[in-house]
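Here is the file final-v6.cif (mmCIF, C-alpha atoms).
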data_target
loop_
_atom_site.group_PDB
_atom_site.id
_atom_site.type_symbol
_atom_site.label_atom_id
_atom_site.label_comp_id
_atom_site.auth_asym_id
_atom_site.auth_seq_id
_atom_site.Cartn_x
_atom_site.Cartn_y
_atom_site.Cartn_z
ATOM 1 C CA MET W 1 -26.680 -11.149 2.768
ATOM 2 C CA ASN W 2 -25.219 -7.945 1.366
ATOM 3 C CA PRO W 3 -22.228 -6.943 3.545
ATOM 4 C CA SER W 4 -23.591 -3.402 3.784
ATOM 5 C CA GLU W 5 -26.608 -4.764 5.675
ATOM 6 C CA SER W 6 -24.652 -6.612 8.360
ATOM 7 C CA VAL W 7 -22.656 -3.788 10.015
ATOM 8 C CA PRO W 8 -24.254 -0.400 10.788
ATOM 9 C CA LYS W 9 -22.452 2.911 10.325
ATOM 10 C CA TRP W 10 -19.539 1.899 8.139
ATOM 11 C CA PRO W 11 -16.500 4.202 8.506
ATOM 12 C CA ARG W 12 -15.974 6.632 5.648
ATOM 13 C CA ILE W 13 -13.190 5.471 3.313
ATOM 14 C CA SER W 14 -11.494 7.952 1.002
ATOM 15 C CA LEU W 15 -9.840 6.128 -1.900
ATOM 16 C CA VAL W 16 -7.739 8.042 -4.434
ATOM 17 C CA THR W 17 -6.658 7.002 -7.925
ATOM 18 C CA ALA W 18 -4.047 9.092 -9.743
ATOM 19 C CA VAL W 19 -3.759 8.538 -13.490
ATOM 20 C CA TYR W 20 -1.774 9.735 -16.479
ATOM 21 C CA ASN W 21 -2.477 8.200 -19.887
ATOM 22 C CA GLY W 22 -4.015 5.164 -18.259
ATOM 23 C CA GLU W 23 -6.719 4.240 -20.750
ATOM 24 C CA ARG W 24 -5.411 0.673 -21.068
ATOM 25 C CA PHE W 25 -6.401 -0.403 -17.537
ATOM 26 C CA LEU W 26 -8.257 2.513 -15.912
ATOM 27 C CA GLU W 27 -11.802 1.405 -16.642
ATOM 28 C CA ALA W 28 -11.260 -1.960 -14.976
ATOM 29 C CA THR W 29 -9.766 -0.188 -11.958
ATOM 30 C CA ILE W 30 -12.734 2.179 -11.638
ATOM 31 C CA ARG W 31 -15.235 -0.646 -12.052
ATOM 32 C CA SER W 32 -13.506 -2.671 -9.326
ATOM 33 C CA VAL W 33 -14.043 0.286 -6.977
ATOM 34 C CA LEU W 34 -17.600 1.191 -7.907
ATOM 35 C CA SER W 35 -18.762 -2.439 -7.891
ATOM 36 C CA GLN W 36 -17.814 -2.746 -4.207
ATOM 37 C CA GLY W 37 -21.153 -1.368 -3.073
ATOM 38 C CA TYR W 38 -19.463 0.066 0.007
ATOM 39 C CA PRO W 39 -22.024 2.462 1.511
ATOM 40 C CA ASN W 40 -19.643 5.145 2.810
ATOM 41 C CA LEU W 41 -17.055 5.535 0.047
ATOM 42 C CA GLU W 42 -15.496 8.752 -1.198
ATOM 43 C CA TYR W 43 -13.742 7.900 -4.473
ATOM 44 C CA ILE W 44 -11.481 10.598 -5.933
ATOM 45 C CA VAL W 45 -9.789 10.403 -9.343
ATOM 46 C CA VAL W 46 -6.984 12.801 -10.272
ATOM 47 C CA ASP W 47 -6.006 12.995 -13.947
ATOM 48 C CA ALA W 48 -2.658 14.619 -14.731
ATOM 49 C CA GLU W 49 -3.863 16.067 -18.061
ATOM 50 C CA SER W 50 -3.751 12.767 -19.940
ATOM 51 C CA SER W 51 -3.476 12.952 -23.726
ATOM 52 C CA ASP W 52 -5.061 9.581 -24.506
ATOM 53 C CA GLY W 53 -8.605 8.354 -23.832
ATOM 54 C CA THR W 54 -8.355 8.615 -20.045
ATOM 55 C CA ALA W 55 -10.601 11.690 -19.759
ATOM 56 C CA GLY W 56 -13.374 9.954 -21.669
ATOM 57 C CA ILE W 57 -13.269 6.959 -19.352
ATOM 58 C CA ILE W 58 -13.502 9.233 -16.306
ATOM 59 C CA ARG W 59 -16.465 11.113 -17.823
ATOM 60 C CA LYS W 60 -18.230 7.793 -18.358
ATOM 61 C CA TYR W 61 -18.237 7.157 -14.592
ATOM 62 C CA GLU W 62 -18.043 10.673 -13.130
ATOM 63 C CA GLN W 63 -21.597 10.618 -11.767
ATOM 64 C CA HIS W 64 -20.494 7.782 -9.474
ATOM 65 C CA ILE W 65 -17.166 9.389 -8.482
ATOM 66 C CA ALA W 66 -17.103 11.847 -5.569
ATOM 67 C CA SER W 67 -14.508 14.134 -7.140
ATOM 68 C CA CYS W 68 -12.852 14.211 -10.576
ATOM 69 C CA ILE W 69 -9.798 16.491 -10.650
ATOM 70 C CA ASN W 70 -7.658 17.506 -13.629
ATOM 71 C CA GLN W 71 -4.267 19.105 -13.028
ATOM 72 C CA PRO W 72 -0.864 19.472 -14.735
ATOM 73 C CA ASN W 73 1.359 16.427 -14.595
ATOM 74 C CA LYS W 74 3.751 16.863 -11.664
ATOM 75 C CA GLY W 75 4.132 13.168 -10.882
ATOM 76 C CA VAL W 76 1.979 10.520 -9.271
ATOM 77 C CA TYR W 77 2.636 11.609 -5.682
ATOM 78 C CA ALA W 78 1.687 15.219 -6.370
ATOM 79 C CA ALA W 79 -1.576 13.962 -7.875
ATOM 80 C CA LEU W 80 -2.241 11.739 -4.871
ATOM 81 C CA ASN W 81 -1.567 14.640 -2.514
ATOM 82 C CA THR W 82 -4.172 16.689 -4.365
ATOM 83 C CA GLY W 83 -6.688 13.894 -3.952
ATOM 84 C CA PHE W 84 -5.997 13.351 -0.268
ATOM 85 C CA ALA W 85 -6.161 17.096 0.395
ATOM 86 C CA ARG W 86 -9.700 17.028 -1.040
ATOM 87 C CA SER W 87 -10.710 13.934 0.952
ATOM 88 C CA THR W 88 -12.904 13.813 4.055
ATOM 89 C CA GLY W 89 -12.793 10.135 5.088
ATOM 90 C CA GLU W 90 -11.478 8.773 8.365
ATOM 91 C CA ILE W 91 -9.796 5.868 6.510
ATOM 92 C CA LEU W 92 -7.432 6.571 3.593
ATOM 93 C CA GLY W 93 -5.791 4.594 0.809
ATOM 94 C CA TRP W 94 -5.002 4.721 -2.882
ATOM 95 C CA LEU W 95 -5.375 2.386 -5.836
ATOM 96 C CA ASN W 96 -3.116 2.774 -8.841
ATOM 97 C CA SER W 97 -4.773 3.194 -12.224
ATOM 98 C CA SER W 98 -3.922 -0.339 -13.358
ATOM 99 C CA ASP W 99 -4.708 -2.258 -10.178
ATOM 100 C CA LEU W 100 -7.839 -3.907 -8.834
ATOM 101 C CA LEU W 101 -9.808 -4.252 -5.633
ATOM 102 C CA HIS W 102 -10.976 -7.717 -4.714
ATOM 103 C CA THR W 103 -14.697 -8.319 -4.323
ATOM 104 C CA HIS W 104 -15.822 -6.755 -1.006
ATOM 105 C CA GLY W 105 -12.255 -5.625 -0.323
ATOM 106 C CA LEU W 106 -13.448 -2.305 1.086
ATOM 107 C CA PHE W 107 -15.802 -4.131 3.429
ATOM 108 C CA VAL W 108 -12.752 -5.940 4.809
ATOM 109 C CA VAL W 109 -11.063 -2.588 5.380
ATOM 110 C CA GLY W 110 -14.077 -0.888 6.942
ATOM 111 C CA SER W 111 -14.981 -3.780 9.225
ATOM 112 C CA VAL W 112 -11.412 -4.268 10.488
ATOM 113 C CA PHE W 113 -11.023 -0.611 11.428
ATOM 114 C CA LYS W 114 -14.449 -0.679 13.048
ATOM 115 C CA ALA W 115 -13.558 -3.793 15.063
ATOM 116 C CA PHE W 116 -10.175 -2.474 16.264
ATOM 117 C CA PRO W 117 -10.289 1.263 17.107
ATOM 118 C CA ASP W 118 -6.641 1.245 18.203
ATOM 119 C CA VAL W 119 -5.279 -0.177 14.943
ATOM 120 C CA GLN W 120 -3.765 2.642 12.879
ATOM 121 C CA TRP W 121 -2.836 0.924 9.615
ATOM 122 C CA ILE W 122 -3.350 -2.441 7.979
ATOM 123 C CA THR W 123 -2.337 -4.412 4.923
ATOM 124 C CA GLY W 124 -4.028 -7.464 3.422
ATOM 125 C CA ARG W 125 -2.623 -10.646 1.937
ATOM 126 C CA PRO W 126 -0.627 -9.494 -1.117
ATOM 127 C CA THR W 127 -1.861 -10.699 -4.495
ATOM 128 C CA LEU W 128 -0.943 -10.319 -8.155
ATOM 129 C CA PHE W 129 -3.196 -10.099 -11.187
ATOM 130 C CA GLN W 130 -1.949 -11.165 -14.575
ATOM 131 C CA GLU W 131 -1.583 -8.358 -17.119
ATOM 132 C CA GLU W 132 -4.909 -9.357 -18.659
ATOM 133 C CA GLY W 133 -6.632 -9.024 -15.276
ATOM 134 C CA TRP W 134 -6.913 -12.781 -14.833
ATOM 135 C CA PRO W 135 -7.498 -14.232 -11.350
ATOM 136 C CA ALA W 136 -5.133 -13.191 -8.608
ATOM 137 C CA ILE W 137 -2.126 -15.118 -7.392
ATOM 138 C CA PRO W 138 -2.105 -15.028 -3.558
ATOM 139 C CA LEU W 139 1.324 -14.611 -1.998
ATOM 140 C CA GLU W 140 2.770 -15.492 1.390
ATOM 141 C CA LEU W 141 1.088 -13.846 4.360
ATOM 142 C CA PRO W 142 3.524 -11.115 5.453
ATOM 143 C CA HIS W 143 4.540 -9.960 8.917
ATOM 144 C CA TRP W 144 5.920 -6.480 9.418
ATOM 145 C CA THR W 145 7.936 -4.763 12.131
ATOM 146 C CA ARG W 146 9.784 -1.476 11.945
ATOM 147 C CA TYR W 147 13.244 -2.813 12.681
ATOM 148 C CA ARG W 148 13.033 -5.787 10.335
ATOM 149 C CA PHE W 149 11.697 -3.488 7.617
ATOM 150 C CA LEU W 150 14.629 -1.109 8.079
ATOM 151 C CA ALA W 151 17.071 -4.010 8.226
ATOM 152 C CA GLY W 152 15.972 -4.993 4.733
ATOM 153 C CA ALA W 153 13.968 -8.135 5.449
ATOM 154 C CA ASN W 154 11.270 -7.157 2.965
ATOM 155 C CA ARG W 155 10.740 -3.905 1.063
ATOM 156 C CA HIS W 156 7.404 -4.686 -0.531
ATOM 157 C CA ILE W 157 4.427 -3.617 1.566
ATOM 158 C CA GLN W 158 1.713 -3.910 -1.076
ATOM 159 C CA GLN W 159 0.363 -0.380 -1.338
ATOM 160 C CA GLU W 160 -2.895 -1.457 -3.027
ATOM 161 C CA SER W 161 -3.854 -3.455 0.075
ATOM 162 C CA THR W 162 -2.707 -0.881 2.648
ATOM 163 C CA TYR W 163 -5.055 1.538 4.434
ATOM 164 C CA TRP W 164 -4.606 3.859 7.403
ATOM 165 C CA ARG W 165 -6.427 6.225 9.707
ATOM 166 C CA ARG W 166 -6.447 9.942 8.969
ATOM 167 C CA GLY W 167 -4.910 10.637 12.372
ATOM 168 C CA LEU W 168 -1.774 8.664 11.467
ATOM 169 C CA TRP W 169 -1.581 10.409 8.078
ATOM 170 C CA GLU W 170 -1.761 13.838 9.694
ATOM 171 C CA THR W 171 0.728 12.928 12.427
ATOM 172 C CA CYS W 172 3.197 11.940 9.702
ATOM 173 C CA GLY W 173 2.871 15.183 7.773
ATOM 174 C CA GLY W 174 -0.323 14.664 5.783
ATOM 175 C CA GLU W 175 1.326 14.222 2.399
ATOM 176 C CA LEU W 176 3.507 11.984 0.270
ATOM 177 C CA SER W 177 6.967 13.168 -0.654
ATOM 178 C CA THR W 178 7.101 14.381 -4.269
ATOM 179 C CA ALA W 179 10.880 13.916 -4.402
ATOM 180 C CA TYR W 180 10.488 10.349 -5.678
ATOM 181 C CA ARG W 181 9.284 8.812 -8.920
ATOM 182 C CA ALA W 182 8.301 5.366 -7.640
ATOM 183 C CA GLU W 183 9.517 5.143 -4.038
ATOM 184 C CA GLY W 184 7.136 7.584 -2.341
ATOM 185 C CA ASP W 185 5.041 4.856 -0.754
ATOM 186 C CA PHE W 186 8.164 3.238 0.728
ATOM 187 C CA GLU W 187 9.165 6.585 2.244
ATOM 188 C CA LEU W 188 5.651 7.019 3.669
ATOM 189 C CA TRP W 189 5.797 3.593 5.326
ATOM 190 C CA THR W 190 9.048 4.547 7.092
ATOM 191 C CA ARG W 191 7.217 7.528 8.613
ATOM 192 C CA PHE W 192 4.180 5.448 9.568
ATOM 193 C CA PHE W 193 6.411 2.953 11.365
ATOM 194 C CA ARG W 194 7.629 5.731 13.684
ATOM 195 C CA HIS W 195 4.189 5.978 15.244
ATOM 196 C CA ALA W 196 2.276 2.705 14.769
ATOM 197 C CA ARG W 197 2.597 -1.013 14.159
ATOM 198 C CA LEU W 198 1.439 -2.396 10.831
ATOM 199 C CA HIS W 199 -1.143 -5.165 11.253
ATOM 200 C CA THR W 200 -1.523 -7.846 8.614
ATOM 201 C CA VAL W 201 -5.077 -8.924 7.767
ATOM 202 C CA ASP W 202 -5.415 -12.466 6.452
ATOM 203 C CA ALA W 203 -7.897 -11.491 3.763
ATOM 204 C CA LEU W 204 -7.917 -10.260 0.168
ATOM 205 C CA ILE W 205 -8.238 -6.488 -0.203
ATOM 206 C CA ALA W 206 -6.618 -5.572 -3.517
ATOM 207 C CA GLY W 207 -4.028 -6.754 -6.002
ATOM 208 C CA TRP W 208 -1.222 -5.377 -8.126
ATOM 209 C CA ARG W 209 -1.513 -5.898 -11.868
ATOM 210 C CA TYR W 210 1.711 -7.393 -13.205
ATOM 211 C CA HIS W 211 2.624 -5.432 -16.336
ATOM 212 C CA SER W 212 5.716 -4.082 -18.042
ATOM 213 C CA ASP W 213 4.835 -0.382 -17.627
ATOM 214 C CA SER W 214 4.876 -0.442 -13.818
ATOM 215 C CA LEU W 215 7.096 2.359 -12.495
ATOM 216 C CA SER W 216 8.901 0.222 -9.912
ATOM 217 C CA ARG W 217 9.639 -2.539 -12.476
ATOM 218 C CA ARG W 218 11.273 -0.342 -15.092
ATOM 219 C CA ASN W 219 14.541 -0.184 -13.154
ATOM 220 C CA ILE W 220 14.250 -2.392 -10.099
ATOM 221 C CA GLU W 221 17.891 -1.942 -9.065
ATOM 222 C CA ARG W 222 17.469 1.841 -9.035
ATOM 223 C CA TYR W 223 14.298 1.381 -6.980
ATOM 224 C CA TYR W 224 16.138 -0.735 -4.420
ATOM 225 C CA ALA W 225 19.046 1.728 -4.267
ATOM 226 C CA ILE W 226 16.734 4.649 -3.506
ATOM 227 C CA CYS W 227 14.879 2.598 -0.881
ATOM 228 C CA ASP W 228 18.245 1.962 0.768
ATOM 229 C CA GLU W 229 18.929 5.703 0.762
ATOM 230 C CA ILE W 230 15.580 6.298 2.473
ATOM 231 C CA ILE W 231 16.415 3.698 5.114
ATOM 232 C CA GLU W 232 19.867 5.151 5.755
ATOM 233 C CA SER W 233 18.362 8.606 6.192
ATOM 234 C CA GLU W 234 15.835 7.212 8.681
ATOM 235 C CA LEU W 235 18.482 5.336 10.655
ATOM 236 C CA LYS W 236 20.551 8.500 11.082
ATOM 237 C CA CYS W 237 17.691 9.968 13.113
ATOM 238 C CA MET W 238 17.295 6.904 15.352
ATOM 239 C CA SER W 239 19.200 6.450 18.604
ATOM 240 C CA ASP W 240 17.968 2.904 19.248
ATOM 241 C CA ALA W 241 18.916 1.192 15.990
ATOM 242 C CA ALA W 242 22.509 0.084 16.580
ATOM 243 C CA ALA W 243 21.667 -3.561 15.851
ATOM 244 C CA VAL W 244 19.925 -2.640 12.589
ATOM 245 C CA LYS W 245 22.871 -0.511 11.470
ATOM 246 C CA THR W 246 25.316 -3.336 12.245
ATOM 247 C CA PHE W 247 23.170 -5.865 10.396
ATOM 248 C CA ARG W 248 22.937 -3.624 7.334
ATOM 249 C CA SER W 249 26.710 -3.149 7.313
ATOM 250 C CA MET W 250 27.189 -6.918 7.393
ATOM 251 C CA SER W 251 24.588 -7.349 4.670
ATOM 252 C CA ARG W 252 26.333 -4.885 2.360
ATOM 253 C CA ALA W 253 29.660 -6.644 2.903
ATOM 254 C CA PHE W 254 28.320 -10.157 2.253
ATOM 255 C CA LYS W 255 26.371 -9.090 -0.846
ATOM 256 C CA ARG W 256 29.641 -7.998 -2.441
ATOM 257 C CA ILE W 257 30.982 -11.572 -2.249
ATOM 258 C CA PRO W 258 29.418 -13.619 -5.093
ATOM 259 C CA ILE W 259 29.825 -17.010 -3.423
ATOM 260 C CA ILE W 260 28.134 -15.778 -0.229
ATOM 261 C CA ARG W 261 25.560 -13.365 -1.677
ATOM 262 C CA GLY W 262 22.965 -16.010 -2.558
ATOM 263 C CA ILE W 263 23.312 -17.853 0.748
ATOM 264 C CA TRP W 264 22.934 -14.607 2.681
ATOM 265 C CA ARG W 265 19.734 -13.719 0.846
ATOM 266 C CA ARG W 266 18.187 -17.211 0.959
ATOM 267 C CA VAL W 267 19.090 -18.051 4.541
ATOM 268 C CA VAL W 268 19.730 -14.946 6.627
ATOM 269 C CA LEU W 269 17.389 -12.386 5.071
ATOM 270 C CA LYS W 270 14.634 -14.958 4.615
ATOM 271 C CA SER W 271 14.979 -16.027 8.244
ATOM 272 C CA LEU W 272 14.879 -12.417 9.377
ATOM 273 C CA TYR W 273 11.607 -12.015 7.522
ATOM 274 C CA GLN W 274 9.986 -15.321 8.545
ATOM 275 C CA LEU W 275 11.272 -16.115 12.040
ATOM 276 C CA PRO W 276 8.526 -15.360 14.585
ATOM 277 C CA GLY W 277 9.370 -13.046 17.433
ATOM 278 C CA PRO W 278 7.759 -10.887 20.116
ATOM 279 C CA ASP W 279 8.046 -7.859 17.818
ATOM 280 C CA TRP W 280 5.502 -9.324 15.370
ATOM 281 C CA PRO W 281 2.077 -7.690 15.681
ATOM 282 C CA PRO W 282 -0.723 -10.262 15.884
ATOM 283 C CA VAL W 283 -2.360 -11.148 12.567
ATOM 284 C CA ILE W 284 -5.994 -10.142 12.151
ATOM 285 C CA THR W 285 -8.157 -13.070 11.028
ATOM 286 C CA TYR W 286 -11.863 -13.695 10.555
ATOM 287 C CA GLY W 287 -13.790 -16.439 12.307
ATOM 288 C CA PRO W 288 -17.290 -17.301 13.486
ATOM 289 C CA GLY W 289 -17.234 -14.471 16.003
ATOM 290 C CA GLY W 290 -15.880 -11.868 13.576
ATOM 291 C CA TRP W 291 -12.415 -10.341 13.383
ATOM 292 C CA THR W 292 -9.872 -11.443 16.004
ATOM 293 C CA MET W 293 -6.161 -10.914 16.645
ATOM 294 C CA GLY W 294 -4.059 -13.986 17.131
#
Represent the structure from my file as structure tokens, please.
Amino acid sequence: MNPSESVPKWPRISLVTAVYNGERFLEATIRSVLSQGYPNLEYIVVDAESSDGTAGIIRKYEQHIASCINQPNKGVYAALNTGFARSTGEILGWLNSSDLLHTHGLFVVGSVFKAFPDVQWITGRPTLFQEEGWPAIPLELPHWTRYRFLAGANRHIQQESTYWRRGLWETCGGELSTAYRAEGDFELWTRFFRHARLHTVDALIAGWRYHSDSLSRRNIERYYAICDEIIESELKCMSDAAAVKTFRSMSRAFKRIPIIRGIWRRVVLKSLYQLPGPDWPPVITYGPGGWTMG
């Protein structure tokens, strides 16, 4: 059975792809979106005046794309903001111009939000694609809470697999910060956490293509340093985060000691990320009766 036949009135999903000189991978990204067959999709592509073959690839598929926008290159987050400002869907997300949706990934997104009206944002099981686009490598099923995230347990909420309701987006300002080159999604997650819990869905939604040109990989230490600055700025505004602030101070001190640094990361930080607790939102899984939380 085609998934579009099994659930009536699918929620409208607005998916944005921002691209600049992305001819190497863009076509595969677009095809992964259009091949979904999701019946209520608004796909928006924003090209930051690419100088390679990107425009030609977009023209090839423009009749199947809801909106094709060309604008001066002011960075990826400015392009995404343009796309989201044009969007009309009740569910929002973005897919980078080198990454891929899994088969029926949007049906996972639409059906989960339909099943749980109170859930504000979700993320799927993170996966990696090889540079050539070869089959995905599934990673550990993550669990997310605001305080563990701010403590530094795990920085990597996979943006490709993360979707949210328009209401949450608007509550949090309705735009991505353009002050960052590669950390804008991390800053957005800190705002989302102020208002809603992030639910993990044990299903494949999308994957990140592992390649050398990725913005966050070019200088990973700089990326981590800026993420820490974002966290510190957030903690300054919180009156109930004394334990997180203390933990981060200890973490900084131990990381400066070479003999202890590795133990701290392998034992303490890993335990903080993996140890179950009442702050963990229930994982959303699929069974014979449909989606459940458990």
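The residues caught by the PyMOL selection byres ((chain W and resi 251) around 9) in this file are Ala151, Gly152, Thr246, Phe247, Arg248, Ser249, Met250, Arg252, Ala253, Phe254, Lys255, Arg256, Arg261, Trp264, Arg265 and Leu269 of chain W.
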Exercise. Which is closest to Ser177 (chain W) among W:Trp291, W:Trp10, W:Trp208, W:Tyr77, if we use all atoms listed in the file?
Worked result: W:Tyr77
Problem set entry | Picked residues, the PyMOL selection byres ((chain W and resi 164) around 7), expected as a PyMOL selection string | chain W and resi 91-93+120-122+162-163+165-166+168
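This file gives the following result for the PyMOL selection byres ((chain W and resi 60-63) around 10): Glu27, Ile30, Arg31, Leu34, Ile44, Val45, Ala55, Gly56, Ile57, Ile58, Arg59, His64, Ile65, Ala66, Ser67 and Cys68 of chain W.
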Selection from above, C-alpha atoms, as a PDB file, keeping the file's coordinate frame, can you write it?
ATOM      1  CA  GLU W  27     -11.802   1.405 -16.642  1.00  0.00           C
ATOM      2  CA  ILE W  30     -12.734   2.179 -11.638  1.00  0.00           C
ATOM      3  CA  ARG W  31     -15.235  -0.646 -12.052  1.00  0.00           C
ATOM      4  CA  LEU W  34     -17.600   1.191  -7.907  1.00  0.00           C
ATOM      5  CA  ILE W  44     -11.481  10.598  -5.933  1.00  0.00           C
ATOM      6  CA  VAL W  45      -9.789  10.403  -9.343  1.00  0.00           C
ATOM      7  CA  ALA W  55     -10.601  11.690 -19.759  1.00  0.00           C
ATOM      8  CA  GLY W  56     -13.374   9.954 -21.669  1.00  0.00           C
ATOM      9  CA  ILE W  57     -13.269   6.959 -19.352  1.00  0.00           C
ATOM     10  CA  ILE W  58     -13.502   9.233 -16.306  1.00  0.00           C
ATOM     11  CA  ARG W  59     -16.465  11.113 -17.823  1.00  0.00           C
ATOM     12  CA  HIS W  64     -20.494   7.782  -9.474  1.00  0.00           C
ATOM     13  CA  ILE W  65     -17.166   9.389  -8.482  1.00  0.00           C
ATOM     14  CA  ALA W  66     -17.103  11.847  -5.569  1.00  0.00           C
ATOM     15  CA  SER W  67     -14.508  14.134  -7.140  1.00  0.00           C
ATOM     16  CA  CYS W  68     -12.852  14.211 -10.576  1.00  0.00           C
TER      17      CYS W  68
END
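Nearest to Gln71 (chain W) of all the residues W:Val19, W:Glu90, W:His102, W:Asn219 is W:Val19, based on all atoms listed in the file.
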Problem set entry | Selection near Ser32 (chain W), 8 Å with only C-alpha atoms, sequence-local residues under 4 positions removed, as a ChimeraX atom specification | /W:28,36,100-103
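In terms of minimum interatomic distance to Gly89 (chain W), W:Pro11 ranks closest within W:Gly37, W:Pro117, W:Pro11, W:Gly53, counting all atoms listed in the file.
Across the model, the gap from CA of Arg24 (chain W) to CA of Glu49 (chain W) is 15.8 Å.
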